[in-house]
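Visitor: My structure file target15.csv, CSV, C-alpha atoms and all ligand atoms, is below:
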chain,number,residue,atom,x,y,z
A,1,MET,CA,-25.5,45.3,-27.7
A,2,SER,CA,-25.8,47.7,-30.6
A,3,LEU,CA,-28.6,50.0,-31.5
A,4,PRO,CA,-31.1,48.3,-33.9
A,5,LEU,CA,-31.3,51.4,-36.1
A,6,ASP,CA,-28.8,53.7,-37.5
A,7,PRO,CA,-29.5,57.1,-35.8
A,8,ALA,CA,-29.1,58.8,-39.2
A,9,ARG,CA,-32.1,56.8,-40.5
A,10,CYS,CA,-34.6,58.1,-37.9
A,11,ARG,CA,-37.3,59.6,-40.0
A,12,ASP,CA,-37.6,62.6,-37.6
A,13,PRO,CA,-34.2,64.4,-37.8
A,14,LEU,CA,-34.8,65.7,-34.2
A,15,LEU,CA,-34.6,62.1,-32.9
A,16,ARG,CA,-31.1,61.5,-34.4
A,17,PRO,CA,-29.0,63.1,-31.7
A,18,ILE,CA,-31.3,61.5,-29.1
A,19,ALA,CA,-30.7,58.1,-30.7
A,20,GLU,CA,-26.9,58.7,-30.3
A,21,LYS,CA,-27.4,59.4,-26.6
A,22,VAL,CA,-29.5,56.3,-26.1
A,23,ALA,CA,-26.8,54.2,-27.8
A,24,ALA,CA,-24.2,55.8,-25.5
A,25,GLU,CA,-26.4,55.3,-22.4
A,26,GLU,CA,-26.5,59.0,-21.6
A,27,ARG,CA,-29.3,60.6,-19.6
A,28,LEU,CA,-31.9,62.5,-21.7
A,29,THR,CA,-32.6,66.2,-20.8
A,30,PRO,CA,-36.2,67.4,-20.3
A,31,GLU,CA,-35.9,69.2,-23.7
A,32,GLU,CA,-35.1,65.9,-25.3
A,33,GLY,CA,-37.9,64.3,-23.4
A,34,GLU,CA,-40.3,66.8,-24.8
A,35,CYS,CA,-39.0,66.2,-28.3
A,36,LEU,CA,-39.8,62.5,-27.8
A,37,TYR,CA,-43.4,63.4,-26.9
A,38,ARG,CA,-43.7,65.7,-29.9
A,39,THR,CA,-42.4,63.4,-32.6
A,40,ASP,CA,-44.7,61.5,-34.9
A,41,ASP,CA,-41.9,59.1,-35.8
A,42,LEU,CA,-43.4,56.4,-33.5
A,43,ILE,CA,-41.5,53.5,-35.1
A,44,SER,CA,-38.0,55.1,-34.5
A,45,LEU,CA,-39.2,56.0,-31.0
A,46,GLY,CA,-40.4,52.5,-30.3
A,47,GLN,CA,-37.1,51.0,-31.6
A,48,LEU,CA,-35.1,53.2,-29.3
A,49,ALA,CA,-37.3,52.3,-26.3
A,50,ALA,CA,-37.2,48.6,-27.1
A,51,TYR,CA,-33.5,48.7,-27.2
A,52,ALA,CA,-33.3,50.6,-23.8
A,53,ASN,CA,-35.7,47.9,-22.4
A,54,GLU,CA,-33.7,45.0,-23.8
A,55,ARG,CA,-30.6,46.4,-22.2
A,56,LYS,CA,-32.3,46.2,-18.8
A,57,ASN,CA,-34.5,43.2,-19.1
A,58,GLY,CA,-33.5,41.2,-22.2
A,59,ASP,CA,-36.5,39.4,-23.7
A,60,ARG,CA,-38.1,38.7,-20.4
A,61,VAL,CA,-41.7,40.0,-19.8
A,62,PHE,CA,-42.9,39.9,-16.3
A,63,PHE,CA,-46.4,39.3,-15.0
A,64,SER,CA,-47.9,38.6,-11.6
A,65,ALA,CA,-50.6,36.4,-10.4
A,66,ASN,CA,-52.5,39.1,-8.5
A,67,GLN,CA,-55.9,40.0,-7.3
A,68,HIS,CA,-57.3,43.5,-7.0
A,69,LEU,CA,-59.4,44.4,-4.1
A,70,ASN,CA,-61.3,47.7,-3.8
A,71,PRO,CA,-62.8,47.9,-0.3
A,72,THR,CA,-64.9,51.1,-0.9
A,73,ASN,CA,-65.7,53.5,-3.7
A,74,VAL,CA,-66.9,56.2,-1.3
A,75,CYS,CA,-64.7,59.2,-1.6
A,76,VAL,CA,-64.6,62.7,-0.1
A,77,LEU,CA,-63.1,64.0,-3.3
A,78,ARG,CA,-65.9,62.6,-5.6
A,79,LYS,CA,-66.9,66.1,-6.7
A,80,THR,CA,-63.5,67.5,-7.4
A,81,CYS,CA,-61.5,64.7,-9.1
A,82,VAL,CA,-63.5,65.4,-12.2
A,83,PHE,CA,-61.6,62.7,-14.2
A,84,CYS,CA,-62.7,59.9,-11.9
A,85,SER,CA,-65.6,57.5,-12.7
A,86,PHE,CA,-65.0,55.2,-9.8
A,87,ALA,CA,-65.9,57.3,-6.7
A,88,ARG,CA,-69.3,57.9,-5.2
A,89,LEU,CA,-70.7,60.0,-2.4
A,90,GLN,CA,-71.8,58.0,0.6
A,91,LYS,CA,-75.5,58.2,-0.3
A,92,GLU,CA,-75.1,58.1,-4.1
A,93,ASP,CA,-76.4,55.2,-6.2
A,94,GLY,CA,-73.7,52.5,-6.6
A,95,ALA,CA,-71.8,53.5,-3.4
A,96,TYR,CA,-70.4,50.6,-1.5
A,97,THR,CA,-68.2,49.9,1.5
A,98,ARG,CA,-67.2,46.3,2.3
A,99,THR,CA,-67.1,45.0,5.8
A,100,LEU,CA,-63.9,43.3,6.6
A,101,GLU,CA,-65.7,39.9,6.3
A,102,GLU,CA,-66.8,40.8,2.8
A,103,VAL,CA,-63.2,41.8,1.9
A,104,PHE,CA,-62.0,38.5,3.2
A,105,GLU,CA,-64.7,36.6,1.4
A,106,GLU,CA,-63.8,38.3,-1.9
A,107,ALA,CA,-60.1,37.6,-1.2
A,108,GLY,CA,-61.1,33.9,-0.7
A,109,GLN,CA,-61.1,33.5,-4.4
A,110,ALA,CA,-57.3,33.3,-4.0
A,111,GLU,CA,-57.8,29.9,-2.5
A,112,GLY,CA,-57.0,27.3,-5.1
A,113,SER,CA,-55.7,29.9,-7.5
A,114,PRO,CA,-52.0,30.9,-8.1
A,115,THR,CA,-52.5,34.4,-6.5
A,116,ARG,CA,-49.4,35.8,-4.9
A,117,GLU,CA,-50.3,39.4,-4.4
A,118,PHE,CA,-53.3,41.4,-3.2
A,119,HIS,CA,-53.5,44.9,-4.8
A,120,ILE,CA,-55.7,47.0,-2.6
A,121,VAL,CA,-56.9,50.6,-3.4
A,122,GLY,CA,-60.1,52.5,-2.9
A,123,GLY,CA,-61.8,55.8,-2.2
A,124,LEU,CA,-61.1,58.3,0.7
A,125,HIS,CA,-64.0,57.3,2.9
A,126,PRO,CA,-64.9,60.0,5.4
A,127,LYS,CA,-65.5,57.5,8.3
A,128,LEU,CA,-63.2,54.6,7.8
A,129,ARG,CA,-60.3,54.9,10.3
A,130,LEU,CA,-56.8,53.6,10.1
A,131,SER,CA,-57.8,50.5,12.2
A,132,TYR,CA,-60.1,49.4,9.3
A,133,TYR,CA,-57.1,49.0,7.1
A,134,THR,CA,-54.7,47.6,9.7
A,135,ASP,CA,-57.3,45.0,10.6
A,136,MET,CA,-57.9,44.2,7.0
A,137,ILE,CA,-54.2,43.7,6.3
A,138,ARG,CA,-53.7,41.6,9.5
A,139,GLY,CA,-56.8,39.6,8.6
A,140,LEU,CA,-55.6,38.9,5.1
A,141,ARG,CA,-52.1,38.0,6.4
A,142,ASP,CA,-53.7,35.5,8.8
A,143,ARG,CA,-55.8,33.9,6.2
A,144,PHE,CA,-53.3,34.1,3.3
A,145,PRO,CA,-49.8,34.2,4.9
A,146,ASP,CA,-48.0,33.7,1.6
A,147,ILE,CA,-49.7,36.4,-0.3
A,148,HIS,CA,-47.9,39.7,-0.6
A,149,ILE,CA,-49.9,42.8,0.3
A,150,LYS,CA,-49.5,45.9,-1.9
A,151,ALA,CA,-51.9,48.5,-0.6
A,152,LEU,CA,-53.1,52.1,-0.5
A,153,THR,CA,-52.1,54.9,-2.8
A,154,ALA,CA,-50.3,58.0,-1.5
A,155,VAL,CA,-53.6,59.8,-1.6
A,156,GLU,CA,-55.2,57.3,0.8
A,157,ILE,CA,-52.2,57.4,3.1
A,158,ALA,CA,-52.4,61.2,3.3
A,159,HIS,CA,-56.1,61.0,3.9
A,160,LEU,CA,-55.7,58.6,6.8
A,161,ALA,CA,-53.0,60.9,8.3
A,162,ARG,CA,-55.5,63.7,8.2
A,163,VAL,CA,-58.3,61.6,9.7
A,164,GLU,CA,-56.1,60.3,12.5
A,165,ARG,CA,-54.4,63.7,12.9
A,166,THR,CA,-51.0,62.1,12.7
A,167,SER,CA,-48.1,62.0,10.4
A,168,ILE,CA,-47.7,60.2,7.1
A,169,ARG,CA,-44.8,58.3,8.7
A,170,ASN,CA,-47.0,57.1,11.6
A,171,VAL,CA,-49.6,55.8,9.2
A,172,LEU,CA,-47.1,54.0,7.1
A,173,VAL,CA,-45.4,52.4,10.1
A,174,ALA,CA,-48.8,51.2,11.4
A,175,LEU,CA,-49.7,49.7,8.0
A,176,GLN,CA,-46.2,48.2,7.7
A,177,GLU,CA,-46.5,46.6,11.1
A,178,ALA,CA,-49.8,45.1,10.1
A,179,GLY,CA,-48.3,43.5,7.0
A,180,LEU,CA,-48.2,46.0,4.2
A,181,SER,CA,-45.1,45.3,2.1
A,182,THR,CA,-45.3,47.6,-1.0
A,183,MET,CA,-47.5,50.4,-2.3
A,184,PRO,CA,-49.1,51.1,-5.6
A,185,GLY,CA,-48.4,54.2,-7.6
A,186,GLY,CA,-51.8,55.7,-8.1
A,187,GLY,CA,-52.9,59.3,-7.3
A,188,ALA,CA,-49.9,60.9,-9.0
A,189,GLU,CA,-52.0,62.0,-12.0
A,190,VAL,CA,-49.8,64.9,-13.4
A,191,PHE,CA,-47.9,66.9,-10.9
A,192,SER,CA,-48.4,70.3,-12.6
A,193,THR,CA,-50.3,72.7,-10.3
A,194,ALA,CA,-52.3,74.1,-13.2
A,195,VAL,CA,-53.4,70.6,-14.4
A,196,ARG,CA,-54.3,69.5,-10.9
A,197,ALA,CA,-56.4,72.7,-10.4
A,198,THR,CA,-58.4,71.6,-13.5
A,199,ILE,CA,-58.7,67.9,-12.9
A,200,ALA,CA,-58.2,67.2,-9.2
A,201,GLU,CA,-58.4,70.5,-7.4
A,202,ARG,CA,-58.5,69.2,-3.8
A,203,LYS,CA,-56.2,66.2,-4.2
A,204,LEU,CA,-52.8,66.2,-2.5
A,205,THR,CA,-50.2,68.2,-4.4
A,206,GLY,CA,-47.5,66.7,-6.5
A,207,GLU,CA,-44.9,67.6,-3.7
A,208,GLU,CA,-47.1,65.8,-1.2
A,209,TRP,CA,-47.4,62.7,-3.4
A,210,LEU,CA,-43.6,62.6,-3.7
A,211,ARG,CA,-43.2,63.2,0.1
A,212,VAL,CA,-45.4,60.1,0.9
A,213,HIS,CA,-43.4,58.0,-1.5
A,214,ARG,CA,-40.1,59.3,-0.1
A,215,THR,CA,-41.2,58.5,3.4
A,216,ALA,CA,-42.3,55.0,2.3
A,217,HIS,CA,-38.9,54.4,0.7
A,218,GLU,CA,-37.1,55.6,3.8
A,219,LEU,CA,-39.1,52.9,5.7
A,220,GLY,CA,-38.1,50.2,3.2
A,221,ILE,CA,-41.5,50.1,1.5
A,222,ARG,CA,-40.9,49.9,-2.3
A,223,THR,CA,-43.5,51.6,-4.4
A,224,ASN,CA,-44.7,52.1,-8.0
A,225,CYS,CA,-45.1,55.3,-9.8
A,226,THR,CA,-47.6,56.4,-12.4
A,227,MET,CA,-48.7,59.3,-14.7
A,228,LEU,CA,-52.3,59.8,-15.9
A,229,TYR,CA,-52.1,61.0,-19.5
A,230,GLY,CA,-54.5,61.9,-22.2
A,231,HIS,CA,-56.6,64.7,-20.6
A,232,VAL,CA,-55.5,68.4,-20.4
A,233,GLU,CA,-51.8,68.0,-19.9
A,234,THR,CA,-49.1,69.2,-22.3
A,235,ALA,CA,-45.9,67.5,-23.3
A,236,ARG,CA,-44.0,69.9,-21.0
A,237,ASP,CA,-46.3,68.9,-18.1
A,238,ARG,CA,-45.6,65.2,-18.8
A,239,ILE,CA,-41.8,65.7,-18.8
A,240,ALA,CA,-41.9,67.8,-15.7
A,241,HIS,CA,-43.8,64.9,-14.0
A,242,LEU,CA,-41.3,62.3,-15.3
A,243,SER,CA,-38.4,64.5,-14.2
A,244,ALA,CA,-39.8,64.7,-10.6
A,245,LEU,CA,-40.1,60.9,-10.6
A,246,ARG,CA,-36.6,60.4,-11.9
A,247,ASP,CA,-35.2,62.8,-9.3
A,248,LEU,CA,-36.9,61.0,-6.5
A,249,GLN,CA,-35.6,57.7,-7.8
A,250,ASP,CA,-32.0,59.1,-7.9
A,251,GLU,CA,-32.5,60.0,-4.3
A,252,THR,CA,-34.1,56.9,-2.9
A,253,GLY,CA,-34.1,54.1,-5.5
A,254,GLY,CA,-37.4,53.0,-4.1
A,255,PHE,CA,-39.6,52.8,-7.2
A,256,LEU,CA,-40.1,49.4,-8.7
A,257,THR,CA,-41.9,50.2,-11.9
A,258,TYR,CA,-43.4,53.1,-13.8
A,259,ILE,CA,-47.0,52.7,-15.2
A,260,PRO,CA,-48.4,55.3,-17.6
A,261,LEU,CA,-52.2,55.3,-17.1
A,262,ALA,CA,-54.5,56.2,-19.9
A,263,TYR,CA,-57.4,58.6,-19.1
A,264,HIS,CA,-60.8,57.2,-19.8
A,265,PRO,CA,-63.5,59.9,-20.5
A,266,ASP,CA,-66.7,58.0,-20.0
A,267,HIS,CA,-68.9,58.6,-16.9
A,268,ASN,CA,-67.0,61.5,-15.5
A,269,GLU,CA,-67.4,65.3,-15.6
A,270,LEU,CA,-64.1,66.0,-17.3
A,271,GLY,CA,-65.0,63.7,-20.3
A,272,GLU,CA,-68.3,65.6,-20.7
A,273,GLU,CA,-66.7,69.0,-20.4
A,274,LEU,CA,-64.0,68.1,-23.0
A,275,GLY,CA,-66.7,66.5,-25.3
A,276,ARG,CA,-64.6,63.3,-25.2
A,277,ILE,CA,-67.3,60.7,-24.2
A,278,GLY,CA,-66.6,57.5,-26.0
A,279,SER,CA,-63.1,58.5,-27.2
A,280,SER,CA,-60.4,57.3,-25.0
A,281,THR,CA,-56.7,57.7,-25.8
A,282,THR,CA,-55.4,56.5,-29.1
A,283,GLY,CA,-53.1,53.6,-29.7
A,284,PHE,CA,-50.5,56.0,-30.9
A,285,GLU,CA,-50.6,57.9,-27.6
A,286,ASP,CA,-50.6,54.7,-25.5
A,287,LEU,CA,-47.5,53.4,-27.3
A,288,LYS,CA,-45.7,56.7,-27.2
A,289,ASN,CA,-46.3,57.0,-23.4
A,290,ILE,CA,-44.7,53.6,-22.8
A,291,ALA,CA,-41.8,54.4,-25.1
A,292,VAL,CA,-41.0,57.8,-23.6
A,293,GLY,CA,-41.3,56.5,-20.1
A,294,ARG,CA,-38.8,53.7,-20.9
A,295,LEU,CA,-36.3,56.2,-22.5
A,296,PHE,CA,-36.6,59.0,-20.0
A,297,LEU,CA,-36.8,57.1,-16.7
A,298,ASP,CA,-33.4,55.5,-17.1
A,299,ASN,CA,-33.1,54.7,-13.4
A,300,ILE,CA,-36.4,52.7,-13.0
A,301,ASP,CA,-36.0,49.1,-14.1
A,302,HIS,CA,-39.5,48.3,-15.3
A,303,VAL,CA,-42.3,49.9,-17.3
A,304,LYS,CA,-45.6,48.3,-17.0
A,305,THR,CA,-48.7,48.3,-19.3
A,306,HIS,CA,-52.1,48.1,-17.6
A,307,TRP,CA,-54.1,45.9,-19.9
A,308,PRO,CA,-57.5,46.6,-18.4
A,309,MET,CA,-57.0,50.2,-19.4
A,310,VAL,CA,-55.5,50.1,-22.9
A,311,THR,CA,-56.8,46.7,-23.9
A,312,PRO,CA,-54.8,43.5,-24.0
A,313,PHE,CA,-54.2,44.1,-27.7
A,314,MET,CA,-52.4,47.3,-27.1
A,315,SER,CA,-50.5,45.9,-24.1
A,316,GLN,CA,-49.2,43.1,-26.3
A,317,VAL,CA,-48.0,45.5,-28.9
A,318,SER,CA,-46.4,47.7,-26.2
A,319,LEU,CA,-44.0,44.8,-25.5
A,320,SER,CA,-42.2,45.9,-28.7
A,321,PHE,CA,-42.2,49.5,-27.6
A,322,GLY,CA,-40.1,49.3,-24.4
A,323,CYS,CA,-42.6,47.6,-22.0
A,324,ASP,CA,-41.5,44.6,-19.9
A,325,ASP,CA,-44.4,44.1,-17.5
A,326,VAL,CA,-48.0,43.2,-18.4
A,327,GLU,CA,-49.5,43.6,-14.9
A,328,GLY,CA,-51.3,40.4,-13.9
A,329,THR,CA,-54.4,38.3,-13.7
A,330,VAL,CA,-56.2,41.1,-11.8
A,331,VAL,CA,-59.4,39.0,-11.3
A,332,TYR,CA,-61.7,42.1,-10.6
A,333,GLU,CA,-61.0,45.5,-12.1
A,334,ARG,CA,-63.4,48.2,-11.1
A,335,VAL,CA,-61.6,51.5,-11.4
A,336,TYR,CA,-61.4,51.7,-15.2
A,337,HIS,CA,-64.4,49.6,-15.9
A,338,GLU,CA,-66.5,52.3,-14.2
A,339,ALA,CA,-64.9,54.7,-16.8
A,340,GLY,CA,-66.0,52.8,-19.8
A,341,ALA,CA,-63.2,50.2,-20.2
A,342,THR,CA,-64.7,47.3,-22.1
A,343,THR,CA,-61.9,44.8,-21.5
A,344,GLN,CA,-62.4,41.6,-19.6
A,345,MET,CA,-61.8,41.9,-15.9
A,346,HIS,CA,-59.8,38.8,-15.4
A,347,MET,CA,-56.9,37.5,-17.4
A,348,PRO,CA,-56.5,33.8,-16.8
A,349,TYR,CA,-52.9,32.8,-15.9
A,350,ALA,CA,-52.4,30.6,-19.0
A,351,GLU,CA,-53.8,33.3,-21.2
A,352,LEU,CA,-51.2,35.8,-19.9
A,353,VAL,CA,-48.4,33.3,-20.6
A,354,GLY,CA,-49.6,32.7,-24.2
A,355,PHE,CA,-50.1,36.4,-24.8
A,356,ILE,CA,-46.5,37.1,-23.9
A,357,ARG,CA,-45.1,34.2,-25.9
A,358,ARG,CA,-47.1,35.2,-29.0
A,359,ALA,CA,-45.4,38.6,-28.8
A,360,GLY,CA,-42.1,36.8,-29.2
A,361,LYS,CA,-41.1,37.3,-25.6
A,362,ARG,CA,-40.1,35.1,-22.6
A,363,PRO,CA,-42.8,35.1,-19.9
A,364,VAL,CA,-41.6,35.3,-16.3
A,365,GLU,CA,-44.0,35.1,-13.4
A,366,ARG,CA,-42.6,37.5,-10.8
A,367,ASP,CA,-43.3,38.2,-7.2
A,368,SER,CA,-44.1,41.7,-6.0
A,369,LEU,CA,-40.4,42.7,-5.9
A,370,TYR,CA,-39.6,41.4,-9.4
A,371,GLN,CA,-37.9,38.2,-8.3
A,372,ALA,CA,-38.7,35.4,-10.8
A,373,VAL,CA,-40.9,32.8,-9.3
A,374,ARG,CA,-41.6,30.8,-12.4
A,375,GLU,CA,-40.0,30.7,-15.8
A,376,ASP,CA,-40.9,27.2,-17.0
A,377,PHE,CA,-44.4,27.0,-18.5
A,378,GLU,CA,-44.0,23.8,-20.5
A,379,ASP,CA,-47.2,22.4,-19.0
A,380,LEU,CA,-49.1,25.4,-20.4
A,381,ASN,CA,-48.0,24.7,-24.0
A,382,HIS,CA,-51.6,24.4,-25.0
A,383,ALA,CA,-52.2,28.1,-24.2
A,384,SER,CA,-52.8,29.8,-27.5
A,385,GLY,CA,-52.2,33.3,-26.3
A,386,ASP,CA,-55.0,34.4,-28.6
A,387,ILE,CA,-56.4,37.4,-26.7
A,388,GLY,CA,-59.8,36.8,-25.2
A,389,PRO,CA,-61.4,34.7,-22.6
A,390,ALA,CA,-60.0,31.3,-22.2
A,391,ALA,CA,-62.4,28.5,-23.0
A,392,GLY,CA,-64.6,27.6,-20.0
A,393,VAL,CA,-63.4,30.6,-17.9
A,394,PRO,CA,-66.2,32.9,-16.9
A,395,VAL,CA,-65.5,36.5,-17.6
A,396,VAL,CA,-67.2,39.1,-15.5
A,397,HIS,CA,-68.0,42.4,-17.1
A,398,ALA,CA,-68.9,45.6,-15.3
A,399,ALA,CA,-72.6,46.3,-15.2
A,401,LIG,S1,-59.4,59.7,-8.1
A,401,LIG,FE1,-59.2,58.7,-6.1
A,401,LIG,S2,-59.3,60.5,-4.7
A,401,LIG,FE2,-60.1,61.2,-6.6
A,401,LIG,S3,-62.3,60.9,-6.5
A,401,LIG,FE3,-61.5,59.1,-7.5
A,401,LIG,S4,-61.2,57.6,-5.8
A,401,LIG,FE4,-61.4,59.7,-4.9
Can you give me the file's structure in the form of structure tokens?
Ligand code: SF4

Guide:
Amino acid sequence: MSLPLDPARCRDPLLRPIAEKVAAEERLTPEEGECLYRTDDLISLGQLAAYANERKNGDRVFFSANQHLNPTNVCVLRKTCVFCSFARLQKEDGAYTRTLEEVFEEAGQAEGSPTREFHIVGGLHPKLRLSYYTDMIRGLRDRFPDIHIKALTAVEIAHLARVERTSIRNVLVALQEAGLSTMPGGGAEVFSTAVRATIAERKLTGEEWLRVHRTAHELGIRTNCTMLYGHVETARDRIAHLSALRDLQDETGGFLTYIPLAYHPDHNELGEELGRIGSSTTGFEDLKNIAVGRLFLDNIDHVKTHWPMVTPFMSQVSLSFGCDDVEGTVVYERVYHEAGATTQMHMPYAELVGFIRRAGKRPVERDSLYQAVREDFEDLNHASGDIGPAAGVPVVHAA
């Protein structure tokens, strides 16, 4: 496979030696990573990232038939994670905590749908014990034995270890015995101590986040990794963050996918402080974060776009900028809709397939470990892939 562009033709001359390294499959240095973040030559950057992606994934674009569950939005860090719009204090308007029966009832929508994965994340509730989560996972497994359970961020795991006065490893083992198979990548934000002091003062440190994931990998629990961009971080902070992820991946090989997450400024203190209400990240930044992630994280196979966050439109374009995974059907998305996301909450299966095809790519429905479970969609030939709710499918918007 040869590079789709002559390095000498990159409009930004600083990208030319990097393009040579990408063609030679050489690892990029942090300085080169910073250069990628600073360039305004988005087209050359995108072409390099698309090439790096094609080398790993060909023209396949993965998606999953998944359903998000958020058991509670009550969180002890509500006042200090100033970028978060999802969390509430226990007595605050809009606070909710589901009983297990309510969680099972919501999960019941998976009956008769193609759902293969539950994605479970929520707040750090001061009173919910580890047994609430192990009972939930066991209950879901009993009711839906074929559905994979991806649950709890590193932040929630560390919180449960504190509540139970036990180790991270003990919490993970208990969850794994209950039926947890993989973990999402949330809570990483940006590892820089200075950035965390500004946006998430009391959240676990970057080292602690990495320690939780390292322990999970040691136990055979594959995980995702993320970075929240578009707030107060610098290009150097971003690359230091990606370098730490790349180092851990060299050590354990446990990350499945990297997901750059766009900061949404509505309904949170940070957005007000920065005067950013109503102005989320730009398309330029969204595409750049996908492309840099693909080029810098040479040891992570997949880069995912989260369509509820950046819009399905931007997610579709990102498939030409190094992205090979478009998340999934989701069903209910609360975390970003609380922060002003105006996208639909549910992407119907056929719509996802059409959306990938219309970008000139080959859709592959995957399981949670990226094994292909379906590649033939002939019966969905009618799916237009025009982005928007499919005819007759009710779309639920956040209040
Ligand atoms: S980001 Fe997570 S830990 Fe922080 S307040 Fe929101 S839900 Fe809680």

Visitor: What do you get as a list in words if you pick all residues at most 8 Å from ligand LIG 401 (chain A), counting only C-alpha atoms and all ligand atoms?

Guide: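 These are the residues that qualify: Asn73, Val74, Cys75, Val76, Leu77, Arg78, Lys79, Thr80, Cys81, Val82, Phe83, Cys84, Ser85, Phe86, Ala87, Arg88, Gly122, Gly123, Leu124, Val155, Glu156, Gly187, Ala200 and Lys203 of chain A.
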
Visitor: So how many Å separate CA of Lys91 in chain A and CA of Lys127 in chain A, to one decimal?

Guide: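 Calculated distance between CA of Lys91 in chain A and CA of Lys127 in chain A is 13.2 Å.
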
Visitor: Find the distance between CA of Leu5 in chain A and CA of Lys304 in chain A and write it in Å to one decimal.

Guide: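 Between CA of Leu5 in chain A and CA of Lys304 in chain A the gap is 24.1 Å.
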
Visitor: Write out as a PyMOL selection string each polymer residue whose atoms come within 12 Å of Tyr132 in chain A, counting all atoms listed in the file; drop sequence neighbours fewer than 6 positions from it.

Guide: chain A and resi 71-72+97-101+103+125+138-139+160+174-175+178

Visitor: Which residues, written as a ChimeraX atom specification, have at least one atom at most 10 Å from Leu219 in chain A, with all atoms listed in the file counted and residues fewer than 2 positions away on the same chain left out?

Guide: /A:169,172-173,176,213-217,221-222,254

Visitor: If you take every atom of range 110-124 of chain A that the file lists and fit an axis-aligned box around them with 5 Å extra on each side, what centre and edge lengths come out in Å to one decimal, as lines of an AutoDock Vina configuration file?

Guide:
center_x = -55.6
center_y = 42.8
center_z = -3.7
size_x = 22.4
size_y = 41.0
size_z = 18.8

Visitor: Could you get me a file of range 62-94 of chain A with C-alpha atoms, as an mmCIF file, in the first residue's frame, taken from the block above?

Guide:
data_model
loop_
_atom_site.group_PDB
_atom_site.id
_atom_site.type_symbol
_atom_site.label_atom_id
_atom_site.label_comp_id
_atom_site.auth_asym_id
_atom_site.auth_seq_id
_atom_site.Cartn_x
_atom_site.Cartn_y
_atom_site.Cartn_z
ATOM 1 C CA PHE A 62 -17.367 -1.188 12.661
ATOM 2 C CA PHE A 63 -20.511 -0.552 14.623
ATOM 3 C CA SER A 64 -22.242 -2.296 17.461
ATOM 4 C CA ALA A 65 -25.865 -2.943 18.289
ATOM 5 C CA ASN A 66 -25.634 -1.587 21.796
ATOM 6 C CA GLN A 67 -27.777 0.003 24.459
ATOM 7 C CA HIS A 68 -26.535 2.526 27.003
ATOM 8 C CA LEU A 69 -27.783 2.303 30.591
ATOM 9 C CA ASN A 70 -27.091 5.052 33.154
ATOM 10 C CA PRO A 71 -28.327 3.735 36.529
ATOM 11 C CA THR A 72 -27.802 6.988 38.460
ATOM 12 C CA ASN A 73 -26.755 10.573 37.847
ATOM 13 C CA VAL A 74 -26.097 11.240 41.540
ATOM 14 C CA CYS A 75 -22.415 11.969 41.990
ATOM 15 C CA VAL A 76 -20.226 13.009 44.902
ATOM 16 C CA LEU A 77 -18.021 14.978 42.500
ATOM 17 C CA ARG A 78 -20.921 17.045 41.141
ATOM 18 C CA LYS A 79 -19.423 20.316 42.407
ATOM 19 C CA THR A 80 -15.838 19.732 41.347
ATOM 20 C CA CYS A 81 -16.079 18.184 37.871
ATOM 21 C CA VAL A 82 -16.978 21.583 36.466
ATOM 22 C CA PHE A 83 -17.212 20.343 32.879
ATOM 23 C CA CYS A 84 -19.936 17.794 33.668
ATOM 24 C CA SER A 85 -23.606 18.451 32.935
ATOM 25 C CA PHE A 86 -24.852 14.981 33.732
ATOM 26 C CA ALA A 87 -24.302 14.733 37.488
ATOM 27 C CA ARG A 88 -26.650 15.909 40.256
ATOM 28 C CA LEU A 89 -26.450 16.071 44.024
ATOM 29 C CA GLN A 90 -28.740 13.627 45.775
ATOM 30 C CA LYS A 91 -31.441 16.202 46.521
ATOM 31 C CA GLU A 92 -31.019 18.342 43.431
ATOM 32 C CA ASP A 93 -33.741 18.682 40.795
ATOM 33 C CA GLY A 94 -33.382 16.030 38.151
#
